[in-house]
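Data block below; observations after.
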Amino acid sequence: MSDGTRAAVERAVADAHRREWAFVLAATARVAGDLDLAEECVQDAYLAALEVWGRDGVPRKPGAWLTTTAKRKALDVLRRDRVFRAKMPLLAEPDEADMDEPDDEGIPDDRLRLIFTCCHPALAREAQVALTLRLVCGVGTGDIAKAFLVSEPTMAARVTRAKKKISAAAIPYRVPDMGELPERLDAVLAVIHLLYTTGHTAATGAELVRADLVERALGLARMLMALMPDEAEVRGLLALLLLTDARRAARTDARGRLLLLEEQDRAAWDRAAIDEGRRLVEATFRIGRAGRYALQAGIACLHATPASYAATDWRQILWLYNELLKVWPSPVVALNRAVATSMVYGPEAALEEIDALERDGRLAAYHYLPAIRADLLRRLGRHREAAVAYRAALDLADNEAEREFLAARLAEAADSEVKGLEPPI
């Protein structure tokens, strides 16, 4: 195999991993009846693709090839297993024609089946979310650990325990009956939301956004909307994702530099997504009491719909954050509320809230906490303290676009300290 061919095949396999992982694993799990076995077979299929595609060329439908290969590997393992005959009644052996040309309409059902299996109420909530992100969404254990603000070994142990519990408890691999859906819905919503936020600002790497995770989250949100169209929080989550993602193209400049909300070109925002999100928000709030995702969608709507940054209704945003804290008392929500507080009552008032969050300790490894403190201090003209906070944020950040932004702000703060500049108006 030439170097050029190998590079092309490696790119094709990497692209198939980003696009097809969830589909391939979900379909394989249906055959394997065991998540560990399914994951192992899917990984083997991707390794096989490197060799076979290099020899025979990249197939017209990479996902179908990977699914066929992974399913066959799972069946081979089961056939060799001494208890294969006992498991046969539980298996749906794939039809050869169906394996070669899978029905696209069936793929979403497999993904939902795997999501609802991972979100079984027998598992702890964090284990539900972490397991789904790892298996269904292909998010690395390290990135999941960052999202949960725990160490990677801790998160790896949680995922392993969750998979073992599914196997030991014989949790069925299926979409629950409609009567069972509500008890799992919160976990499913949390998974899709966390998947989106993991892609919206990548934990590591040179790119600000992981588009594959963002698109996967949007697709899952729409799929869930089709399954449960009358659930207000399902509508709220889809609205939140649409309104937030509408700004994607304007979040960085031509060379990848991070742009703050007030710097972004609003003409580059996706107006169709904003209009759809706004309609969903309005419909959700008309129904009655808004939940966690509907409230966040309302905040996103107030950011996305004004003609200019100066026209942002910060008092209404602050009110919504107050309501959000009642239904979701999260330190991350409190941190975002501090930003709104600063826009309504000034940086000094917000610093008091930041002080309380630092004493709380749960955000000690969260780089946005010192970053927001630094910005508040910068606005007050306290450049020396701002530089210290920017340096702390820089030490915690791993995304290159964010690190570049923080380094530039750190340099500005240090320069302002030396020159003794007046605080900004």
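FYI, nothing fancy with the structure tokens labels: chains A, B, ... in order, residues from 1 per chain, ligands from 1 as they appear.
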Can you tell me, as a VMD selection string, what residues are no more than 9 Å from range 332-349 of chain A when counting only C-alpha atoms, ignoring any on the same chain fewer than 5 positions away? chain A and resid 314 to 315 317 to 318 321 to 322 324 to 325 354 357 363 368 to 369 372 375 to 377 379 to 380
Expected file contents, prior selection, N, CA, C and O atoms, as a PDB file, in the first residue's frame:
ATOM      1  N   TRP A 314     -30.611  42.003  29.582  1.00  0.00           N
ATOM      2  CA  TRP A 314     -29.899  41.307  30.651  1.00  0.00           C
ATOM      3  C   TRP A 314     -30.749  41.122  31.900  1.00  0.00           C
ATOM      4  O   TRP A 314     -30.584  40.138  32.633  1.00  0.00           O
ATOM      5  N   ARG A 315     -31.666  42.013  32.153  1.00  0.00           N
ATOM      6  CA  ARG A 315     -32.531  41.841  33.334  1.00  0.00           C
ATOM      7  C   ARG A 315     -33.437  40.616  33.172  1.00  0.00           C
ATOM      8  O   ARG A 315     -33.635  39.853  34.129  1.00  0.00           O
ATOM      9  N   ILE A 317     -32.711  38.047  31.297  1.00  0.00           N
ATOM     10  CA  ILE A 317     -31.804  36.898  31.380  1.00  0.00           C
ATOM     11  C   ILE A 317     -31.496  36.564  32.831  1.00  0.00           C
ATOM     12  O   ILE A 317     -31.498  35.388  33.235  1.00  0.00           O
ATOM     13  N   LEU A 318     -31.245  37.577  33.646  1.00  0.00           N
ATOM     14  CA  LEU A 318     -30.962  37.355  35.066  1.00  0.00           C
ATOM     15  C   LEU A 318     -32.163  36.724  35.753  1.00  0.00           C
ATOM     16  O   LEU A 318     -32.009  35.794  36.581  1.00  0.00           O
ATOM     17  N   TYR A 321     -32.201  33.095  34.886  1.00  0.00           N
ATOM     18  CA  TYR A 321     -31.190  32.357  35.643  1.00  0.00           C
ATOM     19  C   TYR A 321     -31.651  32.112  37.082  1.00  0.00           C
ATOM     20  O   TYR A 321     -31.380  31.045  37.654  1.00  0.00           O
ATOM     21  N   ASN A 322     -32.318  33.069  37.674  1.00  0.00           N
ATOM     22  CA  ASN A 322     -32.855  32.866  39.020  1.00  0.00           C
ATOM     23  C   ASN A 322     -33.850  31.701  39.036  1.00  0.00           C
ATOM     24  O   ASN A 322     -33.850  30.868  39.955  1.00  0.00           O
ATOM     25  N   LEU A 324     -33.918  29.269  36.817  1.00  0.00           N
ATOM     26  CA  LEU A 324     -33.172  28.054  36.502  1.00  0.00           C
ATOM     27  C   LEU A 324     -32.496  27.476  37.739  1.00  0.00           C
ATOM     28  O   LEU A 324     -32.462  26.249  37.940  1.00  0.00           O
ATOM     29  N   LEU A 325     -31.956  28.337  38.584  1.00  0.00           N
ATOM     30  CA  LEU A 325     -31.314  27.864  39.815  1.00  0.00           C
ATOM     31  C   LEU A 325     -32.301  27.158  40.742  1.00  0.00           C
ATOM     32  O   LEU A 325     -31.911  26.278  41.508  1.00  0.00           O
ATOM     33  N   ILE A 354     -18.833  35.150  42.662  1.00  0.00           N
ATOM     34  CA  ILE A 354     -17.659  34.354  42.292  1.00  0.00           C
ATOM     35  C   ILE A 354     -16.911  33.901  43.544  1.00  0.00           C
ATOM     36  O   ILE A 354     -16.466  32.747  43.645  1.00  0.00           O
ATOM     37  N   LEU A 357     -18.621  30.947  44.997  1.00  0.00           N
ATOM     38  CA  LEU A 357     -18.388  29.732  44.210  1.00  0.00           C
ATOM     39  C   LEU A 357     -16.986  29.177  44.456  1.00  0.00           C
ATOM     40  O   LEU A 357     -16.788  27.961  44.475  1.00  0.00           O
ATOM     41  N   LEU A 363     -16.088  23.857  41.642  1.00  0.00           N
ATOM     42  CA  LEU A 363     -15.599  24.297  40.334  1.00  0.00           C
ATOM     43  C   LEU A 363     -14.093  24.567  40.352  1.00  0.00           C
ATOM     44  O   LEU A 363     -13.584  25.302  39.505  1.00  0.00           O
ATOM     45  N   TYR A 368     -13.474  28.082  33.523  1.00  0.00           N
ATOM     46  CA  TYR A 368     -14.319  29.261  33.332  1.00  0.00           C
ATOM     47  C   TYR A 368     -14.476  30.077  34.615  1.00  0.00           C
ATOM     48  O   TYR A 368     -14.755  31.274  34.552  1.00  0.00           O
ATOM     49  N   LEU A 369     -14.296  29.458  35.772  1.00  0.00           N
ATOM     50  CA  LEU A 369     -14.423  30.214  37.026  1.00  0.00           C
ATOM     51  C   LEU A 369     -13.342  31.279  37.133  1.00  0.00           C
ATOM     52  O   LEU A 369     -13.663  32.476  37.280  1.00  0.00           O
ATOM     53  N   ILE A 372     -13.804  34.003  34.291  1.00  0.00           N
ATOM     54  CA  ILE A 372     -14.842  35.017  34.520  1.00  0.00           C
ATOM     55  C   ILE A 372     -14.397  35.992  35.610  1.00  0.00           C
ATOM     56  O   ILE A 372     -14.615  37.203  35.513  1.00  0.00           O
ATOM     57  N   ASP A 375     -12.145  38.462  33.965  1.00  0.00           N
ATOM     58  CA  ASP A 375     -12.832  39.458  33.148  1.00  0.00           C
ATOM     59  C   ASP A 375     -13.487  40.528  34.014  1.00  0.00           C
ATOM     60  O   ASP A 375     -13.459  41.723  33.672  1.00  0.00           O
ATOM     61  N   LEU A 376     -14.077  40.119  35.125  1.00  0.00           N
ATOM     62  CA  LEU A 376     -14.691  41.095  36.035  1.00  0.00           C
ATOM     63  C   LEU A 376     -13.636  42.050  36.588  1.00  0.00           C
ATOM     64  O   LEU A 376     -13.844  43.269  36.653  1.00  0.00           O
ATOM     65  N   LEU A 377     -12.488  41.501  36.973  1.00  0.00           N
ATOM     66  CA  LEU A 377     -11.399  42.339  37.498  1.00  0.00           C
ATOM     67  C   LEU A 377     -10.849  43.267  36.418  1.00  0.00           C
ATOM     68  O   LEU A 377     -10.517  44.434  36.690  1.00  0.00           O
ATOM     69  N   ARG A 379     -12.544  44.528  33.946  1.00  0.00           N
ATOM     70  CA  ARG A 379     -13.522  45.612  33.773  1.00  0.00           C
ATOM     71  C   ARG A 379     -13.435  46.649  34.889  1.00  0.00           C
ATOM     72  O   ARG A 379     -13.773  47.811  34.694  1.00  0.00           O
ATOM     73  N   LEU A 380     -12.967  46.213  36.061  1.00  0.00           N
ATOM     74  CA  LEU A 380     -12.809  47.138  37.191  1.00  0.00           C
ATOM     75  C   LEU A 380     -11.449  47.837  37.187  1.00  0.00           C
ATOM     76  O   LEU A 380     -11.179  48.674  38.061  1.00  0.00           O
TER      77      LEU A 380
END
Within 9 Å of range 391-399 of chain A, counting only C-alpha atoms, which residues show up once you throw out same-chain ones fewer than 6 positions away? Write them as a CSV table (one decimal) with C-alpha atoms, in the first residue's frame, please.
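Final output, saved to part-v5.csv:
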chain,number,residue,atom,x,y,z
A,201,THR,CA,-16.5,23.8,23.0
A,202,ALA,CA,-14.1,20.8,22.7
A,203,ALA,CA,-12.3,20.0,25.9
A,204,THR,CA,-9.0,19.5,24.0
A,205,GLY,CA,-7.5,20.1,20.6
A,206,ALA,CA,-6.9,22.9,18.1
A,207,GLU,CA,-10.5,23.4,17.0
A,208,LEU,CA,-13.1,25.2,19.2
A,365,ALA,CA,-10.9,22.5,38.2
A,366,TYR,CA,-13.3,24.5,35.9
A,367,HIS,CA,-11.3,27.0,34.0
A,368,TYR,CA,-14.3,29.3,33.3
A,369,LEU,CA,-14.4,30.2,37.0
A,370,PRO,CA,-11.0,32.0,37.1
A,371,ALA,CA,-11.6,33.2,33.5
A,372,ILE,CA,-14.8,35.0,34.5
A,374,ALA,CA,-10.4,37.7,35.5
A,406,LEU,CA,-6.8,33.6,27.6
A,407,ALA,CA,-3.1,34.2,26.8
A,410,LEU,CA,-3.2,37.8,30.1
Next item on the list: Please identify which residues in range 103-339 of chain A DSSP calls helix (DSSP H, G or I) from the backbone, and express them as a ChimeraX atom specification.
Entry: /A:104-118,125-135,141-148,152-168,178-200,211-227,232-245,248-250,261-263,266-268,271-287,292-304,309-311,314-327,331-339
For this session: Between CA of Asp56 in chain A and CA of Ala26 in chain A, measure the distance and give it in Å to one decimal.
Result: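 Between these atoms lies a distance of 26.0 Å.
Using only C-alpha atoms, the nearest neighbour of Pro331 in chain A within the list A:Arg72, A:Glu10, A:Gly361, A:Lys61 is A:Gly361.
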Would you mind reading off the distance between CA of Leu35 in chain A and CA of Pro153 in chain A, one decimal, in Å?
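CA of Pro153 in chain A lies 19.8 Å from CA of Leu35 in chain A.
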*asked:* At a cut-off of 9 Å, using only C-alpha atoms, what residues contact Ala127 in chain A? Leave out same-chain residues fewer than 5 positions from it and give the result as a PyMOL selection string.
replied: chain A and resi 118-119+132+155+158-159+161-162
Notebook entry, point to check: Of the residues A:Arg278, A:Arg289, A:Arg210, A:His17, which is the one nearest to Leu50 in chain A, using only C-alpha atoms?
Noted result: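 Nearest candidate to Leu50 in chain A out of A:Arg278, A:Arg289, A:Arg210, A:His17: A:His17.
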For range 106-152 of chain A versus range 174-195 of chain A, which residues have an atom no more than 8 Å away, and what is each residue's nearest atom pair and distance in Å rounded to one decimal, using only C-alpha atoms, chain-then-number order, as a Markdown table?
| residue | atom | partner | partner_atom | distance |
| --- | --- | --- | --- | --- |
| A:Asp109 | CA | A:Val175 | CA | 7.9 |
| A:Leu112 | CA | A:Val175 | CA | 6.6 |
| A:Arg113 | CA | A:Val175 | CA | 4.6 |
| A:Leu114 | CA | A:Arg174 | CA | 7.2 |
| A:Ile115 | CA | A:Val188 | CA | 7.0 |
| A:Phe116 | CA | A:Val175 | CA | 6.0 |
| A:Thr117 | CA | A:Arg174 | CA | 6.5 |
| A:Cys119 | CA | A:Ala187 | CA | 6.0 |
| A:His120 | CA | A:Arg184 | CA | 6.5 |
| A:Pro121 | CA | A:Arg184 | CA | 6.5 |
| A:Arg125 | CA | A:Ala187 | CA | 6.6 |
| A:Gln128 | CA | A:Ala187 | CA | 6.7 |
| A:Val129 | CA | A:Val191 | CA | 5.1 |
| A:Ala130 | CA | A:Val191 | CA | 7.8 |
| A:Thr132 | CA | A:Val191 | CA | 6.8 |
| A:Leu133 | CA | A:Val191 | CA | 6.6 |
| A:Cys137 | CA | A:Leu195 | CA | 7.4 |
| A:Ala147 | CA | A:Leu194 | CA | 7.7 |
File of the preceding selection, C-alpha atoms, as a CSV table (one decimal), in the first residue's frame:
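The file below, part-v2.csv, is the result:
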chain,number,residue,atom,x,y,z
A,109,ASP,CA,-34.3,2.9,16.4
A,112,LEU,CA,-32.5,5.0,20.7
A,113,ARG,CA,-32.5,1.4,21.9
A,114,LEU,CA,-28.9,1.7,23.1
A,115,ILE,CA,-29.5,5.1,24.7
A,116,PHE,CA,-32.5,3.9,26.7
A,117,THR,CA,-30.6,0.7,27.7
A,119,CYS,CA,-30.2,5.1,30.8
A,120,HIS,CA,-31.9,2.3,32.7
A,121,PRO,CA,-33.1,3.5,36.2
A,125,ARG,CA,-27.5,9.0,37.1
A,128,GLN,CA,-26.2,6.5,32.9
A,129,VAL,CA,-24.9,9.7,31.3
A,130,ALA,CA,-21.3,8.7,31.2
A,132,THR,CA,-24.2,6.7,27.0
A,133,LEU,CA,-21.6,9.3,26.1
A,137,CYS,CA,-21.6,9.0,21.3
A,147,ALA,CA,-17.3,17.3,31.8
Please indicate the distance in Å from CA of Ile144 in chain A to CA of Thr252 in chain A, rounded to one decimal place.
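For CA of Ile144 in chain A relative to CA of Thr252 in chain A, the distance reads 24.2 Å.
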For Glu323 in chain A, the closest of A:Ala408, A:Ala267, A:Ala294, A:Val13 counting only C-alpha atoms is A:Ala294
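Proximity ranking of A:Ala14, A:Val9, A:Ala22, A:Ala29 relative to Trp53 in chain A places A:Val9 first, based on only C-alpha atoms.
The residue set within 10 Å of Asp275 in chain A, counting only C-alpha atoms and dropping same-chain residues fewer than 4 places from it, reads Ala239, Leu242, Leu243, Ala246, Asp270, Arg271, Arg279, Leu280, Val281, Cys301, Ala304 and Thr305 of chain A.
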